[in-house]
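Below is one structure, written out as structure tokens; comments come after it.
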Amino acid sequence: MMRPVDQPAGGVAGPVPAAAAPSRRGPGATSRILIGLVLGVVIGWLWPAFATDLRPLAEVFLRMIRMIIGPLLFSTLVVGIAGTGDLKAMGRIGAKALIYFEVATTFALVLGLGLVNLLRPGAGVPAEAGSVAELQAMAVRQQGPWDIVLHMFPTSLIDALARNDVLQVVVFATFFGVAVAATGEKARPVATLLDAAAQIMFTVTSYVMWFAPIGVMAAVAATVGSKGLGVLLTLGKLVGAMYLGYVLFVVLMAGGALLLARIPIGAFIAAVREPALIAFTTASSEAALPKALEAMERFGVPRSIVGFVLPTGYSFNLDGSTVYLSMATVFVAQMAGVELTWGQQLTMLLTLMLTSKGVAGVPRASLVVLMATLTTFGPAYGIPLEGAAILLGIDQILDMGRTAVNVIGNCVASVVVARWEGVFDDTRVKQAA
């Protein structure tokens, strides 16, 4: 069995070299993104028409991110798995990841239901009927259980890379990485080439991140300019309840998992703050993925684990989206004056646990699942579908928070699985600190 070049025994990839970037003085990457966020809010508030016209700049940034996801993910995952070289080990890692995903998402659903019943953000909100055409179209795109399974396996690697289908790239890279290791010395040139490609893609990522403050500014400005700040006053109770749920999940579930895994919370926050901030300001998990991969590997998670757990979690561990779904479903019922029994809420909770797994790559995925759930249970429980249309107006604002929690939750998952496997590198935590 062979190991890729420059990797120590045990398959744990060496530290990612510092990515080449232009020499600079001034604020760091996180500070520059925060400055972009503040400028975006100010521009969107003072000059809404001009701010809306800035949206193409945000799209340019997101496109630059998307262009590096496929090559970066494929190269890092193959090199990491080839270092492990054991399909049985990858199966064990996958099983542990799925166990953690299920515990985390169940906690998120229960937390969301508890908060929405305690705070009742939908009570007293005028149930203005809205057009459900867009939401019904979303519900049609909801995948069934077998669709989810079939979707995991690509018909072509090129097709999966072209569509940036993260889960399909992970599945192919897993098989390819194990095959590279099983082939032995004859495959060493391939491993060496992909290891070099991975380092190159991390360097390309550092170049793209120099555009992040501009992309963040444009994305936030366009959101504030098009939606306005007034929507926060109209549905402020729901927005506040949602963000309270996001914060409680991060503190209780993520913080508790880190403590159990004996991970320094302060060091973890420092490692994850940049990808979380990118996710929050752009409302795009894709935008944060390259930086999250790099940050977690620097933090001490082996490449084989971070390359597998993070992208897989983007399909099966959407913690922020799960908090949103449990609260939004009951919110629509409260707004319509429908009092759901605990039995009815638990029935919908169990359904959400399944349907929330099948939204990978679907635009506005959380709304897709919400509408599918209301379409299933709404007529029987007396919940009008029109009530869900009011959420369209604030979805971008809620999406920012839930996307950031999704990214944080998956970073925690990679650390927990690495510790569970006994391969987490504590020395890198001290170096990162």
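Naming works like this for the structure tokens: A, B, ... for the chains as they're shown, residue 1 at the start of each chain, ligands 1 onward in shown order.
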What are the nearest atom pairs, with distances in Å to one decimal, for all residues of segment 135-212 of chain A that come at most 8 Å from segment 73-96 of chain A, using only C-alpha atoms, set out by chain and rising residue number as a tab-separated table?
residue	atom	partner	partner_atom	distance
A:Val169	CA	A:Phe74	CA	6.5
A:Val170	CA	A:Phe74	CA	7.2
A:Ala173	CA	A:Val78	CA	5.4
A:Thr174	CA	A:Val78	CA	6.6
A:Phe176	CA	A:Val78	CA	6.5
A:Gly177	CA	A:Val78	CA	4.2
A:Val178	CA	A:Gly85	CA	5.3
A:Ala179	CA	A:Ala82	CA	7.7
A:Val180	CA	A:Ala82	CA	5.9
A:Ala181	CA	A:Ala82	CA	4.7
A:Ala182	CA	A:Gly85	CA	6.8
A:Ala191	CA	A:Val79	CA	6.2
A:Leu194	CA	A:Ser75	CA	5.2
A:Asp195	CA	A:Val79	CA	6.0
A:Ala197	CA	A:Ser75	CA	6.4
A:Ala198	CA	A:Ser75	CA	5.2
Could you save those same residues with N, CA and C atoms as an mmCIF file, in the first residue's frame?
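And here's part18.cif as it stands now:
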data_model
loop_
_atom_site.group_PDB
_atom_site.id
_atom_site.type_symbol
_atom_site.label_atom_id
_atom_site.label_comp_id
_atom_site.auth_asym_id
_atom_site.auth_seq_id
_atom_site.Cartn_x
_atom_site.Cartn_y
_atom_site.Cartn_z
ATOM 1 N N VAL A 169 -19.089 14.236 -6.520
ATOM 2 C CA VAL A 169 -17.629 14.313 -6.574
ATOM 3 C C VAL A 169 -17.028 13.537 -5.404
ATOM 4 N N VAL A 170 -17.628 13.645 -4.231
ATOM 5 C CA VAL A 170 -17.142 12.916 -3.054
ATOM 6 C C VAL A 170 -17.202 11.411 -3.290
ATOM 7 N N ALA A 173 -14.513 10.443 -5.880
ATOM 8 C CA ALA A 173 -13.172 10.620 -5.321
ATOM 9 C C ALA A 173 -12.860 9.550 -4.276
ATOM 10 N N THR A 174 -13.875 9.096 -3.549
ATOM 11 C CA THR A 174 -13.663 8.041 -2.555
ATOM 12 C C THR A 174 -13.215 6.741 -3.227
ATOM 13 N N PHE A 176 -11.944 6.465 -6.230
ATOM 14 C CA PHE A 176 -10.686 6.700 -6.925
ATOM 15 C C PHE A 176 -9.514 6.700 -5.948
ATOM 16 N N GLY A 177 -9.695 7.332 -4.785
ATOM 17 C CA GLY A 177 -8.623 7.390 -3.800
ATOM 18 C C GLY A 177 -8.255 6.017 -3.269
ATOM 19 N N VAL A 178 -9.270 5.196 -2.989
ATOM 20 C CA VAL A 178 -9.000 3.833 -2.522
ATOM 21 C C VAL A 178 -8.286 3.036 -3.613
ATOM 22 N N ALA A 179 -8.697 3.238 -4.873
ATOM 23 C CA ALA A 179 -8.054 2.520 -5.978
ATOM 24 C C ALA A 179 -6.599 2.943 -6.146
ATOM 25 N N VAL A 180 -6.307 4.232 -5.958
ATOM 26 C CA VAL A 180 -4.930 4.713 -6.043
ATOM 27 C C VAL A 180 -4.061 4.013 -4.999
ATOM 28 N N ALA A 181 -4.579 3.923 -3.789
ATOM 29 C CA ALA A 181 -3.821 3.260 -2.724
ATOM 30 C C ALA A 181 -3.639 1.779 -3.010
ATOM 31 N N ALA A 182 -4.684 1.130 -3.518
ATOM 32 C CA ALA A 182 -4.614 -0.308 -3.776
ATOM 33 C C ALA A 182 -3.661 -0.632 -4.924
ATOM 34 N N ALA A 191 -0.729 10.135 -7.504
ATOM 35 C CA ALA A 191 -0.860 10.725 -6.168
ATOM 36 C C ALA A 191 -0.017 11.983 -6.046
ATOM 37 N N LEU A 194 -1.738 14.814 -8.028
ATOM 38 C CA LEU A 194 -2.920 15.350 -7.360
ATOM 39 C C LEU A 194 -2.553 16.096 -6.080
ATOM 40 N N ASP A 195 -1.479 15.664 -5.404
ATOM 41 C CA ASP A 195 -1.021 16.390 -4.230
ATOM 42 C C ASP A 195 -0.557 17.790 -4.625
ATOM 43 N N ALA A 197 -1.590 19.356 -7.299
ATOM 44 C CA ALA A 197 -2.802 20.066 -7.722
ATOM 45 C C ALA A 197 -3.558 20.629 -6.521
ATOM 46 N N ALA A 198 -3.592 19.851 -5.427
ATOM 47 C CA ALA A 198 -4.272 20.330 -4.218
ATOM 48 C C ALA A 198 -3.608 21.583 -3.682
#
Near segment 275-283 of chain A, within 7 Å and counting only C-alpha atoms, which residues show up once chain neighbours fewer than 4 positions away are dropped, as a list of chain:residue names?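 Listed by chain and then number, they are A:Leu37, A:Val216, A:Ala219, A:Val220, A:Ala287, A:Ala288, A:Lys291, A:Ala292, A:Asp399, A:Met400, A:Gly401, A:Thr403, A:Ala404, A:Val407, A:Ile408.
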I want to know what sits within 6 Å of Val301 of chain A, based on only C-alpha atoms, with residues of the same chain fewer than 2 positions away left out; could you give that as a list of chain:residue names? A:Met296, A:Glu297, A:Ala418, A:Phe424
Long-range neighbours of Thr52 of chain A as a PyMOL selection string, 10 Å cut-off, only C-alpha atoms, 6 positions minimum in chain: chain A and resi 43-44+218-227
Output the selection as a PDB file, in the first residue's frame - N, CA and C atoms for each residue.
ATOM      1  N   ILE A  43     -24.468  51.169   2.091  1.00  0.00           N
ATOM      2  CA  ILE A  43     -24.815  51.456   0.696  1.00  0.00           C
ATOM      3  C   ILE A  43     -26.244  51.026   0.390  1.00  0.00           C
ATOM      4  N   GLY A  44     -26.635  49.829   0.858  1.00  0.00           N
ATOM      5  CA  GLY A  44     -27.985  49.356   0.616  1.00  0.00           C
ATOM      6  C   GLY A  44     -29.045  50.206   1.281  1.00  0.00           C
ATOM      7  N   ALA A 218     -21.069  43.699  -2.119  1.00  0.00           N
ATOM      8  CA  ALA A 218     -22.095  43.729  -3.155  1.00  0.00           C
ATOM      9  C   ALA A 218     -23.297  42.867  -2.771  1.00  0.00           C
ATOM     10  N   ALA A 219     -23.045  41.685  -2.200  1.00  0.00           N
ATOM     11  CA  ALA A 219     -24.139  40.789  -1.826  1.00  0.00           C
ATOM     12  C   ALA A 219     -25.016  41.406  -0.742  1.00  0.00           C
ATOM     13  N   VAL A 220     -24.381  41.968   0.289  1.00  0.00           N
ATOM     14  CA  VAL A 220     -25.143  42.576   1.389  1.00  0.00           C
ATOM     15  C   VAL A 220     -25.872  43.822   0.910  1.00  0.00           C
ATOM     16  N   ALA A 221     -25.196  44.655   0.109  1.00  0.00           N
ATOM     17  CA  ALA A 221     -25.821  45.877  -0.395  1.00  0.00           C
ATOM     18  C   ALA A 221     -27.050  45.546  -1.233  1.00  0.00           C
ATOM     19  N   ALA A 222     -26.934  44.543  -2.101  1.00  0.00           N
ATOM     20  CA  ALA A 222     -28.065  44.164  -2.941  1.00  0.00           C
ATOM     21  C   ALA A 222     -29.225  43.630  -2.108  1.00  0.00           C
ATOM     22  N   THR A 223     -28.911  42.880  -1.061  1.00  0.00           N
ATOM     23  CA  THR A 223     -29.963  42.342  -0.195  1.00  0.00           C
ATOM     24  C   THR A 223     -30.690  43.454   0.541  1.00  0.00           C
ATOM     25  N   VAL A 224     -29.924  44.351   1.172  1.00  0.00           N
ATOM     26  CA  VAL A 224     -30.534  45.460   1.909  1.00  0.00           C
ATOM     27  C   VAL A 224     -31.254  46.398   0.952  1.00  0.00           C
ATOM     28  N   GLY A 225     -30.657  46.647  -0.225  1.00  0.00           N
ATOM     29  CA  GLY A 225     -31.280  47.555  -1.182  1.00  0.00           C
ATOM     30  C   GLY A 225     -32.588  47.031  -1.728  1.00  0.00           C
ATOM     31  N   SER A 226     -32.690  45.726  -1.952  1.00  0.00           N
ATOM     32  CA  SER A 226     -33.906  45.163  -2.535  1.00  0.00           C
ATOM     33  C   SER A 226     -34.976  44.854  -1.487  1.00  0.00           C
ATOM     34  N   LYS A 227     -34.551  44.405  -0.304  1.00  0.00           N
ATOM     35  CA  LYS A 227     -35.514  44.026   0.733  1.00  0.00           C
ATOM     36  C   LYS A 227     -35.811  45.169   1.691  1.00  0.00           C
TER      37      LYS A 227
END
Separation of atom CA of Asn117 of chain A and atom CA of Phe331 of chain A, in Å?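 If I compute the distance from atom CA of Asn117 of chain A to atom CA of Phe331 of chain A, I get 8.8 Å.
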Applying 9 Å and only C-alpha atoms, which residues near segment 315-326 of chain A remain after dropping the ones on its own chain fewer than 5 positions away? List them as a count of residues only. 51
Could you tell me, as a ChimeraX atom specification, which residues of segment 289-431 of chain A DSSP assigns to alpha helix (DSSP H) when given the backbone? /A:289-299,303-316,319-335,342-355,365-381,395-421,426-431
Can you write just those residues out, C-alpha atoms, as a JSON list (two decimals), in the first residue's frame?
[["chain", "number", "residue", "atom", "x", "y", "z"],
["A", 289, "LEU", "CA", -16.41, 25.44, 1.33],
["A", 290, "PRO", "CA", -12.86, 26.04, 0.01],
["A", 291, "LYS", "CA", -11.90, 28.15, 3.03],
["A", 292, "ALA", "CA", -13.56, 25.71, 5.43],
["A", 293, "LEU", "CA", -11.59, 22.79, 3.95],
["A", 294, "GLU", "CA", -8.33, 24.68, 4.34],
["A", 295, "ALA", "CA", -9.16, 25.98, 7.83],
["A", 296, "MET", "CA", -10.10, 22.58, 9.25],
["A", 297, "GLU", "CA", -7.03, 20.87, 7.80],
["A", 298, "ARG", "CA", -4.82, 23.55, 9.32],
["A", 299, "PHE", "CA", -6.69, 23.06, 12.58],
["A", 303, "ARG", "CA", -7.30, 15.56, 4.84],
["A", 304, "SER", "CA", -9.06, 12.23, 4.35],
["A", 305, "ILE", "CA", -11.64, 13.15, 7.00],
["A", 306, "VAL", "CA", -12.17, 16.84, 6.32],
["A", 307, "GLY", "CA", -12.43, 16.15, 2.57],
["A", 308, "PHE", "CA", -15.10, 13.52, 3.21],
["A", 309, "VAL", "CA", -17.10, 14.85, 6.16],
["A", 310, "LEU", "CA", -17.42, 18.52, 5.18],
["A", 311, "PRO", "CA", -18.90, 18.08, 1.69],
["A", 312, "THR", "CA", -21.02, 15.11, 2.78],
["A", 313, "GLY", "CA", -22.39, 17.23, 5.60],
["A", 314, "TYR", "CA", -23.51, 19.80, 3.03],
["A", 315, "SER", "CA", -26.11, 17.22, 2.01],
["A", 316, "PHE", "CA", -26.88, 15.43, 5.27],
["A", 319, "ASP", "CA", -28.23, 22.16, 11.08],
["A", 320, "GLY", "CA", -29.17, 25.79, 10.47],
["A", 321, "SER", "CA", -31.69, 24.78, 7.83],
["A", 322, "THR", "CA", -33.16, 22.22, 10.23],
["A", 323, "VAL", "CA", -33.69, 24.84, 12.96],
["A", 324, "TYR", "CA", -35.36, 27.04, 10.33],
["A", 325, "LEU", "CA", -37.65, 24.27, 9.05],
["A", 326, "SER", "CA", -38.99, 23.24, 12.44],
["A", 327, "MET", "CA", -39.70, 26.86, 13.40],
["A", 328, "ALA", "CA", -41.05, 28.01, 10.03],
["A", 329, "THR", "CA", -43.53, 25.15, 9.75],
["A", 330, "VAL", "CA", -45.15, 25.88, 13.11],
["A", 331, "PHE", "CA", -44.89, 29.67, 12.49],
["A", 332, "VAL", "CA", -47.12, 29.36, 9.41],
["A", 333, "ALA", "CA", -49.67, 27.42, 11.48],
["A", 334, "GLN", "CA", -49.58, 30.00, 14.29],
["A", 335, "MET", "CA", -50.04, 32.82, 11.79],
["A", 342, "TRP", "CA", -47.66, 17.86, 20.00],
["A", 343, "GLY", "CA", -48.48, 14.65, 18.15],
["A", 344, "GLN", "CA", -49.00, 16.53, 14.89],
["A", 345, "GLN", "CA", -45.78, 18.49, 15.42],
["A", 346, "LEU", "CA", -43.81, 15.32, 16.11],
["A", 347, "THR", "CA", -45.25, 13.72, 12.96],
["A", 348, "MET", "CA", -44.03, 16.66, 10.92],
["A", 349, "LEU", "CA", -40.70, 16.55, 12.78],
["A", 350, "LEU", "CA", -40.14, 12.94, 11.74],
["A", 351, "THR", "CA", -41.01, 13.83, 8.17],
["A", 352, "LEU", "CA", -38.61, 16.78, 8.20],
["A", 353, "MET", "CA", -35.83, 14.50, 9.46],
["A", 354, "LEU", "CA", -36.16, 12.55, 6.21],
["A", 355, "THR", "CA", -37.03, 15.21, 3.66],
["A", 365, "ALA", "CA", -33.50, 24.35, -0.48],
["A", 366, "SER", "CA", -35.11, 25.11, 2.88],
["A", 367, "LEU", "CA", -38.15, 26.66, 1.22],
["A", 368, "VAL", "CA", -38.42, 23.58, -1.00],
["A", 369, "VAL", "CA", -38.63, 21.29, 2.04],
["A", 370, "LEU", "CA", -40.97, 23.67, 3.89],
["A", 371, "MET", "CA", -43.41, 23.80, 0.99],
["A", 372, "ALA", "CA", -43.24, 20.03, 0.48],
["A", 373, "THR", "CA", -44.06, 19.48, 4.17],
["A", 374, "LEU", "CA", -46.96, 21.96, 4.12],
["A", 375, "THR", "CA", -48.28, 20.42, 0.91],
["A", 376, "THR", "CA", -48.32, 17.03, 2.66],
["A", 377, "PHE", "CA", -49.76, 18.06, 6.03],
["A", 378, "GLY", "CA", -51.39, 21.44, 5.35],
["A", 379, "PRO", "CA", -54.77, 20.24, 4.07],
["A", 380, "ALA", "CA", -55.14, 17.66, 6.87],
["A", 381, "TYR", "CA", -54.12, 20.08, 9.62],
["A", 395, "ASP", "CA", -35.86, 34.41, 3.24],
["A", 396, "GLN", "CA", -32.56, 36.07, 2.28],
["A", 397, "ILE", "CA", -32.15, 37.48, 5.81],
["A", 398, "LEU", "CA", -32.93, 34.13, 7.43],
["A", 399, "ASP", "CA", -30.78, 32.31, 4.88],
["A", 400, "MET", "CA", -27.68, 34.24, 5.95],
["A", 401, "GLY", "CA", -27.91, 32.90, 9.49],
["A", 402, "ARG", "CA", -28.89, 29.35, 8.63],
["A", 403, "THR", "CA", -26.09, 29.06, 6.05],
["A", 404, "ALA", "CA", -23.49, 30.19, 8.59],
["A", 405, "VAL", "CA", -24.79, 27.63, 11.11],
["A", 406, "ASN", "CA", -24.69, 24.92, 8.42],
["A", 407, "VAL", "CA", -21.00, 25.65, 7.82],
["A", 408, "ILE", "CA", -20.13, 25.82, 11.52],
["A", 409, "GLY", "CA", -22.02, 22.59, 12.20],
["A", 410, "ASN", "CA", -20.12, 20.71, 9.50],
["A", 411, "CYS", "CA", -16.77, 22.07, 10.68],
["A", 412, "VAL", "CA", -17.62, 20.76, 14.15],
["A", 413, "ALA", "CA", -18.60, 17.42, 12.62],
["A", 414, "SER", "CA", -15.20, 17.05, 10.93],
["A", 415, "VAL", "CA", -13.40, 17.77, 14.20],
["A", 416, "VAL", "CA", -15.58, 15.37, 16.21],
["A", 417, "VAL", "CA", -15.15, 12.53, 13.70],
["A", 418, "ALA", "CA", -11.37, 13.09, 13.62],
["A", 419, "ARG", "CA", -11.22, 12.90, 17.43],
["A", 420, "TRP", "CA", -13.51, 9.87, 17.41],
["A", 421, "GLU", "CA", -11.12, 8.16, 14.98],
["A", 426, "ASP", "CA", -3.56, 18.55, 18.68],
["A", 427, "THR", "CA", -0.18, 20.03, 17.79],
["A", 428, "ARG", "CA", -1.73, 21.94, 14.91],
["A", 429, "VAL", "CA", -4.29, 23.49, 17.28],
["A", 430, "LYS", "CA", -1.41, 24.94, 19.29],
["A", 431, "GLN", "CA", 0.22, 26.18, 16.08]]
Can you work out the spacing between atom CA of Ile69 of chain A and atom CA of Leu392 of chain A in Å, to one decimal? 28.7 Å
